[in-house]
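This report concerns only the one structure given below.
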Amino acid sequence: MAVLVTGGAGYIGSHTCVELLDAGFDIVVVDNLYNSKQESLKRVEKITGKPVEFIKADIRDKEALREIFSQHEIEAVVHFAGLKAVGESVKIPLDYYDNNISGTITLCEVMKEFNVKKIVFSSSATVYGITDKMPLTEDMSLGAINPYGRTKLFIEEILRDIYNSDNGWSISILRYFNPIGAHKTGLIGEDPKGIPNNLMPYIAQVAVGRLPELSVFGNDYDTPDGTGVRDYIHVVDLAKGHVKAVEWVLKNTGCDAVNLGTGRGCSVLELVAAFEKVTGVKIPYKIVGRRPGDAAIVYADVSKAKKVLGWHAELTIEDMCADTWRWQKNNPLGYAE
Ligand code: NAD
Ligand code: WQD
């Protein structure tokens with residue numbers, strides 16, 4: 001029996017492959033390598049000492065999925081495959097709806113055909129939309145504010161409908177806060193295409209000299225230092241949360257959404273200061289205007305994850321900075337040769 005990991009060559013997927021293999025699961029990875037390189041999986045093999053079965057395919061390709069399900073005994077699916085850039089989703093919404101929503105529908109259709117009804121899905125804190133009520137709890141009202149967020153929200157609704165139509169399904173919806181960091185070996189980490197959209201990969205590329213300086217998007221928010229506050233979570237903690245969610249879907253039926261965060265907020269300038277302290281590398285920055293669509297403060301209520309999955313985040317902001325830096329310093333150009 002194996003766990004099928006869609007999007008397993010990507011940032012969070014590759015870290016989750018390591019934790020699944022370390023926990024004793026066999027895995028099969030399907031990824032179209034649109035936003036990743038197969039090298040990440042070679043590194044997963046190096047870290048774990050175990051082989052990774054990889055199939056290069058698009059999850060919208062029903063025949064390719066059928067082939068995977070008929071060739072392997074899949075007991076559960078961890079579904080990461082998707083496009084994730086908020087700004088890009090505003091420019092090419094149809095690509096996002098097609099890739100993320102049609103891809104998930106095709107995947108669920110094939111799962112149903114093969115009677116595999118256990119899935120862990122990558123959702124996002126973005127499904128809570130903009131609200132001042134913090135911390136965010138799973139029962140709060142949902143409302144996305146961009147096409148990317150809407151794909152996550154629609155998929156959540158589709159998964160709830162699937163469960164309502166057939167209570168034999170087991171669906172764990174994980175709402176990630178801000179994943180950063182890298183594996184402690186420095187062998188795998190985040191390798192964004194082009195100029196990073198997100199804060200930590202941007203800081204890391206400034207540190208390694210690929211970018212001249214960080215632009216801090218606004219210092220006039222109602223926060224202690226005026227810069228945006230987020231709930232950064234170490235990608236390895238997040239990956240371990242997926243192992244717990246796989247164990248949950250294997251033992252239960254239901255459809256349940258759980259926040260994966262630390263429950264603590266950290267501002268842009270606090271993250272910059274922590275990175276500089278841990279690494280000894282200065283991060284030049286300038287304050288610029290706010291980025292449209294950004295909230296002032298976002299952090300999770302993490303009590304449900306503890307109660308339902310028996311999971312909580314353990315690693316600190318300092319760990320996140322040290323591990324990001326080890327990965328970036330050892331791989332200044334990411335997985336590129
Ligand atoms: P990533 O881009 O590194 O990984 C996604 C992987 O899916 C990539 O390897 C890509 O090649 C693959 N993929 C995309 N479309 C595919 C398709 N149609 N068929 C097969 N493979 C496909 O992104 P990530 O940061 O690892 O994110 C993983 C998941 O978590 C995504 O669904 C993302 O929306 C979600 N998420 C990410 C964050 C974050 O900040 N990184 C936060 C919340 C949720
Ligand atoms: C963090 C903070 C920025 C870049 C995004 C998605 C969300 C989820 C996680 C997928 C904010 C500030 C950033 C920069 C900056 N992804 N910032 N300069 O926006 O919280 O969440 O990633 O589901 O859906 O929206 O993360 O890392 O982009 O920003 O000052 O160059 O850093 O304003 O306060 P965000 P982020």
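Chain labels A, B, ... are given in the sequence in which chains occur in the structure tokens; within each chain residues are numbered consecutively from 1, and ligands are likewise numbered from 1 in the order shown.
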Extract, using only C-alpha atoms, all DNA, RNA and protein residues at most 8 Å from segment 239-248 of chain A, discarding same-chain residues fewer than 3 positions from it, and format them as a PDB file with all heavy atoms, in the first residue's frame.
ATOM      1  N   ILE A  12       6.491  22.195  -0.433  1.00  0.00           N
ATOM      2  CA  ILE A  12       5.927  21.523   0.746  1.00  0.00           C
ATOM      3  C   ILE A  12       5.854  20.010   0.491  1.00  0.00           C
ATOM      4  O   ILE A  12       6.108  19.196   1.378  1.00  0.00           O
ATOM      5  CB  ILE A  12       4.528  22.095   1.100  1.00  0.00           C
ATOM      6  CG1 ILE A  12       4.615  23.615   1.270  1.00  0.00           C
ATOM      7  CG2 ILE A  12       3.996  21.454   2.372  1.00  0.00           C
ATOM      8  CD1 ILE A  12       3.265  24.315   1.375  1.00  0.00           C
ATOM      9  N   GLY A  13       5.559  19.644  -0.768  1.00  0.00           N
ATOM     10  CA  GLY A  13       5.456  18.226  -1.121  1.00  0.00           C
ATOM     11  C   GLY A  13       6.739  17.468  -0.857  1.00  0.00           C
ATOM     12  O   GLY A  13       6.709  16.362  -0.286  1.00  0.00           O
ATOM     13  N   HIS A  15       9.179  18.107   1.217  1.00  0.00           N
ATOM     14  CA  HIS A  15       9.404  17.954   2.666  1.00  0.00           C
ATOM     15  C   HIS A  15       8.443  16.920   3.259  1.00  0.00           C
ATOM     16  O   HIS A  15       8.810  16.171   4.173  1.00  0.00           O
ATOM     17  CB  HIS A  15       9.266  19.305   3.374  1.00  0.00           C
ATOM     18  CG  HIS A  15      10.401  20.238   3.087  1.00  0.00           C
ATOM     19  ND1 HIS A  15      10.480  20.981   1.935  1.00  0.00           N
ATOM     20  CD2 HIS A  15      11.536  20.517   3.785  1.00  0.00           C
ATOM     21  CE1 HIS A  15      11.603  21.689   1.939  1.00  0.00           C
ATOM     22  NE2 HIS A  15      12.264  21.429   3.056  1.00  0.00           N
ATOM     23  N   THR A  16       7.240  16.881   2.731  1.00  0.00           N
ATOM     24  CA  THR A  16       6.271  15.899   3.236  1.00  0.00           C
ATOM     25  C   THR A  16       6.669  14.483   2.815  1.00  0.00           C
ATOM     26  O   THR A  16       6.486  13.526   3.588  1.00  0.00           O
ATOM     27  CB  THR A  16       4.852  16.268   2.761  1.00  0.00           C
ATOM     28  OG1 THR A  16       4.560  17.578   3.241  1.00  0.00           O
ATOM     29  CG2 THR A  16       3.813  15.283   3.266  1.00  0.00           C
ATOM     30  N   GLU A  19       9.033  13.196   5.372  1.00  0.00           N
ATOM     31  CA  GLU A  19       8.407  12.817   6.650  1.00  0.00           C
ATOM     32  C   GLU A  19       7.548  11.557   6.493  1.00  0.00           C
ATOM     33  O   GLU A  19       7.506  10.729   7.407  1.00  0.00           O
ATOM     34  CB  GLU A  19       7.582  13.981   7.220  1.00  0.00           C
ATOM     35  CG  GLU A  19       8.402  15.227   7.540  1.00  0.00           C
ATOM     36  CD  GLU A  19       9.587  14.975   8.485  1.00  0.00           C
ATOM     37  OE1 GLU A  19       9.454  14.165   9.427  1.00  0.00           O
ATOM     38  OE2 GLU A  19      10.661  15.583   8.262  1.00  0.00           O
ATOM     39  N   LEU A  20       6.893  11.407   5.342  1.00  0.00           N
ATOM     40  CA  LEU A  20       6.093  10.187   5.123  1.00  0.00           C
ATOM     41  C   LEU A  20       7.007   8.963   5.059  1.00  0.00           C
ATOM     42  O   LEU A  20       6.718   7.928   5.668  1.00  0.00           O
ATOM     43  CB  LEU A  20       5.277  10.301   3.828  1.00  0.00           C
ATOM     44  CG  LEU A  20       4.027  11.195   3.888  1.00  0.00           C
ATOM     45  CD1 LEU A  20       3.484  11.458   2.479  1.00  0.00           C
ATOM     46  CD2 LEU A  20       2.931  10.566   4.758  1.00  0.00           C
ATOM     47  N   ALA A  23       8.291   8.077   8.358  1.00  0.00           N
ATOM     48  CA  ALA A  23       7.249   7.480   9.217  1.00  0.00           C
ATOM     49  C   ALA A  23       6.897   6.058   8.766  1.00  0.00           C
ATOM     50  O   ALA A  23       6.044   5.415   9.353  1.00  0.00           O
ATOM     51  CB  ALA A  23       6.004   8.362   9.211  1.00  0.00           C
ATOM     52  N   ALA A  76      -4.237   6.199   0.185  1.00  0.00           N
ATOM     53  CA  ALA A  76      -4.651   7.567   0.482  1.00  0.00           C
ATOM     54  C   ALA A  76      -3.881   8.515  -0.427  1.00  0.00           C
ATOM     55  O   ALA A  76      -2.834   8.155  -0.970  1.00  0.00           O
ATOM     56  CB  ALA A  76      -4.363   7.900   1.940  1.00  0.00           C
ATOM     57  N   VAL A  78      -2.274  12.508  -0.773  1.00  0.00           N
ATOM     58  CA  VAL A  78      -1.977  13.840  -0.227  1.00  0.00           C
ATOM     59  C   VAL A  78      -1.874  14.757  -1.435  1.00  0.00           C
ATOM     60  O   VAL A  78      -1.014  14.567  -2.298  1.00  0.00           O
ATOM     61  CB  VAL A  78      -0.673  13.850   0.604  1.00  0.00           C
ATOM     62  CG1 VAL A  78      -0.456  15.237   1.196  1.00  0.00           C
ATOM     63  CG2 VAL A  78      -0.724  12.811   1.715  1.00  0.00           C
ATOM     64  N   ILE A 119      -8.317  11.446   1.454  1.00  0.00           N
ATOM     65  CA  ILE A 119      -7.508  12.512   0.853  1.00  0.00           C
ATOM     66  C   ILE A 119      -7.187  13.607   1.875  1.00  0.00           C
ATOM     67  O   ILE A 119      -8.026  13.973   2.697  1.00  0.00           O
ATOM     68  CB  ILE A 119      -8.219  13.105  -0.397  1.00  0.00           C
ATOM     69  CG1 ILE A 119      -7.336  14.172  -1.077  1.00  0.00           C
ATOM     70  CG2 ILE A 119      -9.595  13.646  -0.081  1.00  0.00           C
ATOM     71  CD1 ILE A 119      -7.827  14.581  -2.474  1.00  0.00           C
ATOM     72  N   VAL A 120      -5.947  14.070   1.787  1.00  0.00           N
ATOM     73  CA  VAL A 120      -5.496  15.226   2.584  1.00  0.00           C
ATOM     74  C   VAL A 120      -5.270  16.353   1.586  1.00  0.00           C
ATOM     75  O   VAL A 120      -4.524  16.181   0.615  1.00  0.00           O
ATOM     76  CB  VAL A 120      -4.182  14.895   3.323  1.00  0.00           C
ATOM     77  CG1 VAL A 120      -3.670  16.116   4.081  1.00  0.00           C
ATOM     78  CG2 VAL A 120      -4.377  13.703   4.268  1.00  0.00           C
ATOM     79  N   SER A 172      -9.280  15.344   4.921  1.00  0.00           N
ATOM     80  CA  SER A 172      -8.646  16.270   5.862  1.00  0.00           C
ATOM     81  C   SER A 172      -8.197  17.502   5.086  1.00  0.00           C
ATOM     82  O   SER A 172      -7.339  17.410   4.204  1.00  0.00           O
ATOM     83  CB  SER A 172      -7.451  15.588   6.535  1.00  0.00           C
ATOM     84  OG  SER A 172      -6.816  16.502   7.400  1.00  0.00           O
ATOM     85  N   VAL A 235       8.427  24.557   7.485  1.00  0.00           N
ATOM     86  CA  VAL A 235       7.894  23.589   6.515  1.00  0.00           C
ATOM     87  C   VAL A 235       8.016  22.145   7.018  1.00  0.00           C
ATOM     88  O   VAL A 235       7.199  21.290   6.665  1.00  0.00           O
ATOM     89  CB  VAL A 235       8.562  23.796   5.129  1.00  0.00           C
ATOM     90  CG1 VAL A 235      10.041  23.455   5.165  1.00  0.00           C
ATOM     91  CG2 VAL A 235       7.848  23.025   4.029  1.00  0.00           C
ATOM     92  N   VAL A 236       8.998  21.875   7.882  1.00  0.00           N
ATOM     93  CA  VAL A 236       9.145  20.508   8.410  1.00  0.00           C
ATOM     94  C   VAL A 236       8.039  20.225   9.441  1.00  0.00           C
ATOM     95  O   VAL A 236       7.464  19.130   9.460  1.00  0.00           O
ATOM     96  CB  VAL A 236      10.557  20.268   8.981  1.00  0.00           C
ATOM     97  CG1 VAL A 236      10.631  18.941   9.724  1.00  0.00           C
ATOM     98  CG2 VAL A 236      11.589  20.299   7.847  1.00  0.00           C
ATOM     99  N   LYS A 251      -7.750   6.303   9.658  1.00  0.00           N
ATOM    100  CA  LYS A 251      -8.498   5.736  10.796  1.00  0.00           C
ATOM    101  C   LYS A 251      -9.944   6.192  10.873  1.00  0.00           C
ATOM    102  O   LYS A 251     -10.751   5.584  11.555  1.00  0.00           O
ATOM    103  CB  LYS A 251      -7.810   6.172  12.101  1.00  0.00           C
ATOM    104  CG  LYS A 251      -6.575   5.348  12.431  1.00  0.00           C
ATOM    105  CD  LYS A 251      -6.181   5.521  13.897  1.00  0.00           C
ATOM    106  CE  LYS A 251      -4.672   5.466  14.051  1.00  0.00           C
ATOM    107  NZ  LYS A 251      -4.059   6.748  14.331  1.00  0.00           N
ATOM    108  N   ASN A 252     -10.273   7.324  10.219  1.00  0.00           N
ATOM    109  CA  ASN A 252     -11.594   7.936  10.411  1.00  0.00           C
ATOM    110  C   ASN A 252     -12.298   8.119   9.088  1.00  0.00           C
ATOM    111  O   ASN A 252     -11.675   8.063   8.031  1.00  0.00           O
ATOM    112  CB  ASN A 252     -11.436   9.335  11.027  1.00  0.00           C
ATOM    113  CG  ASN A 252     -10.768   9.299  12.381  1.00  0.00           C
ATOM    114  OD1 ASN A 252     -11.404   9.078  13.398  1.00  0.00           O
ATOM    115  ND2 ASN A 252      -9.465   9.500  12.400  1.00  0.00           N
ATOM    116  N   LEU A 260      -3.055  24.798  10.191  1.00  0.00           N
ATOM    117  CA  LEU A 260      -1.683  24.444  10.550  1.00  0.00           C
ATOM    118  C   LEU A 260      -0.854  25.725  10.598  1.00  0.00           C
ATOM    119  O   LEU A 260      -0.503  26.313   9.569  1.00  0.00           O
ATOM    120  CB  LEU A 260      -1.069  23.450   9.555  1.00  0.00           C
ATOM    121  CG  LEU A 260      -1.689  22.049   9.471  1.00  0.00           C
ATOM    122  CD1 LEU A 260      -0.863  21.147   8.557  1.00  0.00           C
ATOM    123  CD2 LEU A 260      -1.864  21.375  10.826  1.00  0.00           C
ATOM    124  N   LEU A 309      -5.616  16.225  15.485  1.00  0.00           N
ATOM    125  CA  LEU A 309      -4.492  15.502  14.872  1.00  0.00           C
ATOM    126  C   LEU A 309      -3.403  15.134  15.881  1.00  0.00           C
ATOM    127  O   LEU A 309      -2.486  14.383  15.564  1.00  0.00           O
ATOM    128  CB  LEU A 309      -3.856  16.350  13.758  1.00  0.00           C
ATOM    129  CG  LEU A 309      -4.770  16.793  12.606  1.00  0.00           C
ATOM    130  CD1 LEU A 309      -3.995  17.649  11.615  1.00  0.00           C
ATOM    131  CD2 LEU A 309      -5.375  15.578  11.890  1.00  0.00           C
ATOM    132  N   GLY A 310      -3.466  15.709  17.089  1.00  0.00           N
ATOM    133  CA  GLY A 310      -2.396  15.478  18.063  1.00  0.00           C
ATOM    134  C   GLY A 310      -1.089  16.086  17.571  1.00  0.00           C
ATOM    135  O   GLY A 310      -0.006  15.568  17.799  1.00  0.00           O
ATOM    136  N   TRP A 311      -1.183  17.225  16.900  1.00  0.00           N
ATOM    137  CA  TRP A 311      -0.010  17.865  16.284  1.00  0.00           C
ATOM    138  C   TRP A 311       0.117  19.313  16.768  1.00  0.00           C
ATOM    139  O   TRP A 311      -0.889  19.999  16.929  1.00  0.00           O
ATOM    140  CB  TRP A 311      -0.172  17.860  14.758  1.00  0.00           C
ATOM    141  CG  TRP A 311       0.855  18.696  14.034  1.00  0.00           C
ATOM    142  CD1 TRP A 311       2.041  18.273  13.535  1.00  0.00           C
ATOM    143  CD2 TRP A 311       0.775  20.100  13.734  1.00  0.00           C
ATOM    144  NE1 TRP A 311       2.710  19.323  12.942  1.00  0.00           N
ATOM    145  CE2 TRP A 311       1.945  20.459  13.053  1.00  0.00           C
ATOM    146  CE3 TRP A 311      -0.179  21.097  13.989  1.00  0.00           C
ATOM    147  CZ2 TRP A 311       2.207  21.765  12.618  1.00  0.00           C
ATOM    148  CZ3 TRP A 311       0.071  22.399  13.562  1.00  0.00           C
ATOM    149  CH2 TRP A 311       1.250  22.710  12.872  1.00  0.00           C
ATOM    150  N   HIS A 312       1.334  19.741  16.999  1.00  0.00           N
ATOM    151  CA  HIS A 312       1.575  21.178  17.160  1.00  0.00           C
ATOM    152  C   HIS A 312       2.961  21.502  16.606  1.00  0.00           C
ATOM    153  O   HIS A 312       3.838  20.640  16.539  1.00  0.00           O
ATOM    154  CB  HIS A 312       1.444  21.618  18.623  1.00  0.00           C
ATOM    155  CG  HIS A 312       2.505  21.055  19.516  1.00  0.00           C
ATOM    156  ND1 HIS A 312       2.432  19.798  20.061  1.00  0.00           N
ATOM    157  CD2 HIS A 312       3.693  21.564  19.929  1.00  0.00           C
ATOM    158  CE1 HIS A 312       3.510  19.559  20.771  1.00  0.00           C
ATOM    159  NE2 HIS A 312       4.295  20.603  20.710  1.00  0.00           N
TER     160      HIS A 312
END
Once you count only C-alpha atoms and all ligand atoms, which residues end up within 7 Å of ligand 2, and could you hand them over as a PyMOL selection string?
chain A and resi 84+86+123-126+149+176-178+197-200+202+214-218+227-230+268+290-291+294+296
When the cut-off is 7 Å and you count only C-alpha atoms and all ligand atoms, which residues lie near ligand 1, shown as number ranges by chain?
A: 6-13, 30-36, 57-60, 80-84, 99-100, 103, 122-125, 175-179, 190
Any idea what's packed within 9 Å of Ile101 of chain A, counting only C-alpha atoms, ignoring anything in its chain fewer than 4 positions away? Could you give it as number ranges by chain?
A: 82, 96-97, 105-106, 151-152, 154-155
Would you write out those residues with N, CA and C atoms, as a JSON list (two decimals), in the first residue's frame?
[["chain", "number", "residue", "atom", "x", "y", "z"],
["A", 82, "GLY", "N", -0.96, 22.14, -7.54],
["A", 82, "GLY", "CA", -1.76, 23.32, -7.80],
["A", 82, "GLY", "C", -0.87, 24.51, -8.09],
["A", 96, "TYR", "N", -5.84, 29.17, -13.39],
["A", 96, "TYR", "CA", -5.93, 28.74, -11.99],
["A", 96, "TYR", "C", -7.16, 27.86, -11.76],
["A", 97, "TYR", "N", -8.32, 28.30, -12.33],
["A", 97, "TYR", "CA", -9.53, 27.50, -12.13],
["A", 97, "TYR", "C", -9.36, 26.13, -12.79],
["A", 105, "ILE", "N", -10.98, 17.88, -9.40],
["A", 105, "ILE", "CA", -12.17, 17.09, -9.78],
["A", 105, "ILE", "C", -11.74, 15.80, -10.48],
["A", 106, "THR", "N", -10.80, 15.92, -11.42],
["A", 106, "THR", "CA", -10.32, 14.72, -12.13],
["A", 106, "THR", "C", -9.72, 13.73, -11.13],
["A", 151, "THR", "N", -9.99, 29.39, -5.71],
["A", 151, "THR", "CA", -9.82, 27.97, -6.08],
["A", 151, "THR", "C", -9.77, 27.11, -4.81],
["A", 152, "LYS", "N", -9.08, 27.61, -3.77],
["A", 152, "LYS", "CA", -8.98, 26.83, -2.52],
["A", 152, "LYS", "C", -10.35, 26.70, -1.87],
["A", 154, "PHE", "N", -13.37, 26.97, -3.31],
["A", 154, "PHE", "CA", -14.26, 26.12, -4.11],
["A", 154, "PHE", "C", -13.90, 24.65, -3.91],
["A", 155, "ILE", "N", -12.61, 24.36, -3.90],
["A", 155, "ILE", "CA", -12.21, 22.95, -3.72],
["A", 155, "ILE", "C", -12.66, 22.46, -2.34]]
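Note that the spacing between atom CA of Ile297 of chain A and atom CA of Ser89 of chain A amounts to 22.4 Å.
When DSSP is run on the backbone, the residues of segment 113-159 of chain A that fall into strand (DSSP E or B) are A:Lys118, A:Ile119, A:Val120, A:Phe121, A:Ser122, A:Ser123, A:Ser124, A:Leu136.
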Create the file for the chosen residues now, containing all heavy atoms and written as a tab-separated table (two decimals), in the first residue's frame.
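Result saved to result-v8.tsv:
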chain	number	residue	atom	x	y	z
A	118	LYS	N	-9.74	8.47	0.60
A	118	LYS	CA	-9.04	9.15	1.69
A	118	LYS	C	-8.10	10.19	1.09
A	118	LYS	O	-7.20	9.84	0.33
A	118	LYS	CB	-8.25	8.14	2.51
A	118	LYS	CG	-9.17	7.13	3.19
A	118	LYS	CD	-8.42	6.03	3.87
A	118	LYS	CE	-9.37	5.00	4.45
A	118	LYS	NZ	-10.42	5.54	5.32
A	119	ILE	N	-8.32	11.45	1.45
A	119	ILE	CA	-7.51	12.51	0.85
A	119	ILE	C	-7.19	13.61	1.88
A	119	ILE	O	-8.03	13.97	2.70
A	119	ILE	CB	-8.22	13.10	-0.40
A	119	ILE	CG1	-7.34	14.17	-1.08
A	119	ILE	CG2	-9.60	13.65	-0.08
A	119	ILE	CD1	-7.83	14.58	-2.47
A	120	VAL	N	-5.95	14.07	1.79
A	120	VAL	CA	-5.50	15.23	2.58
A	120	VAL	C	-5.27	16.35	1.59
A	120	VAL	O	-4.52	16.18	0.61
A	120	VAL	CB	-4.18	14.90	3.32
A	120	VAL	CG1	-3.67	16.12	4.08
A	120	VAL	CG2	-4.38	13.70	4.27
A	121	PHE	N	-5.93	17.48	1.80
A	121	PHE	CA	-5.87	18.56	0.80
A	121	PHE	C	-5.18	19.81	1.36
A	121	PHE	O	-5.46	20.26	2.46
A	121	PHE	CB	-7.30	18.91	0.35
A	121	PHE	CG	-7.35	20.16	-0.50
A	121	PHE	CD1	-6.68	20.20	-1.72
A	121	PHE	CD2	-8.01	21.29	-0.07
A	121	PHE	CE1	-6.68	21.36	-2.50
A	121	PHE	CE2	-8.03	22.45	-0.84
A	121	PHE	CZ	-7.36	22.48	-2.06
A	122	SER	N	-4.31	20.40	0.51
A	122	SER	CA	-3.60	21.65	0.83
A	122	SER	C	-4.52	22.84	0.64
A	122	SER	O	-4.64	23.37	-0.46
A	122	SER	CB	-2.47	21.88	-0.18
A	122	SER	OG	-1.52	20.90	-0.16
A	123	SER	N	-5.13	23.30	1.72
A	123	SER	CA	-5.85	24.56	1.62
A	123	SER	C	-4.96	25.66	2.21
A	123	SER	O	-3.75	25.45	2.40
A	123	SER	CB	-7.21	24.48	2.31
A	123	SER	OG	-7.96	25.64	2.03
A	124	SER	N	-5.54	26.78	2.50
A	124	SER	CA	-4.72	27.94	2.87
A	124	SER	C	-5.51	28.86	3.78
A	124	SER	O	-6.75	28.96	3.66
A	124	SER	CB	-4.36	28.68	1.58
A	124	SER	OG	-3.86	29.96	1.86
A	136	LEU	N	-7.59	33.16	13.91
A	136	LEU	CA	-8.58	32.56	13.01
A	136	LEU	C	-8.91	31.15	13.48
A	136	LEU	O	-8.00	30.33	13.68
A	136	LEU	CB	-8.00	32.52	11.59
A	136	LEU	CG	-7.78	33.90	10.96
A	136	LEU	CD1	-6.89	33.79	9.72
A	136	LEU	CD2	-9.11	34.56	10.60
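In this structure, atom CA of Leu153 of chain A sits 22.2 Å away from atom CA of Gly168 of chain A.
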When DSSP is applied to the backbone of this structure, which of segment 233-302 of chain A are assigned helix (DSSP H, G or I)? Write them out as a PyMOL selection string.
chain A and resi 235-251+268-279
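When the distance limit is 10 Å and only C-alpha atoms are what count, the residues near Gly49 of chain A, minus those fewer than 3 positions from it on the same chain, are Val18, Leu21, Asp22, Arg43, Val44, Glu45, Lys46 and Val52 of chain A.
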For a quick check of understanding, using only C-alpha atoms, which of A:Asp26, A:Glu73, A:Glu109, A:Asp222 has the smallest distance to Ala295 of chain A?
A:Asp222
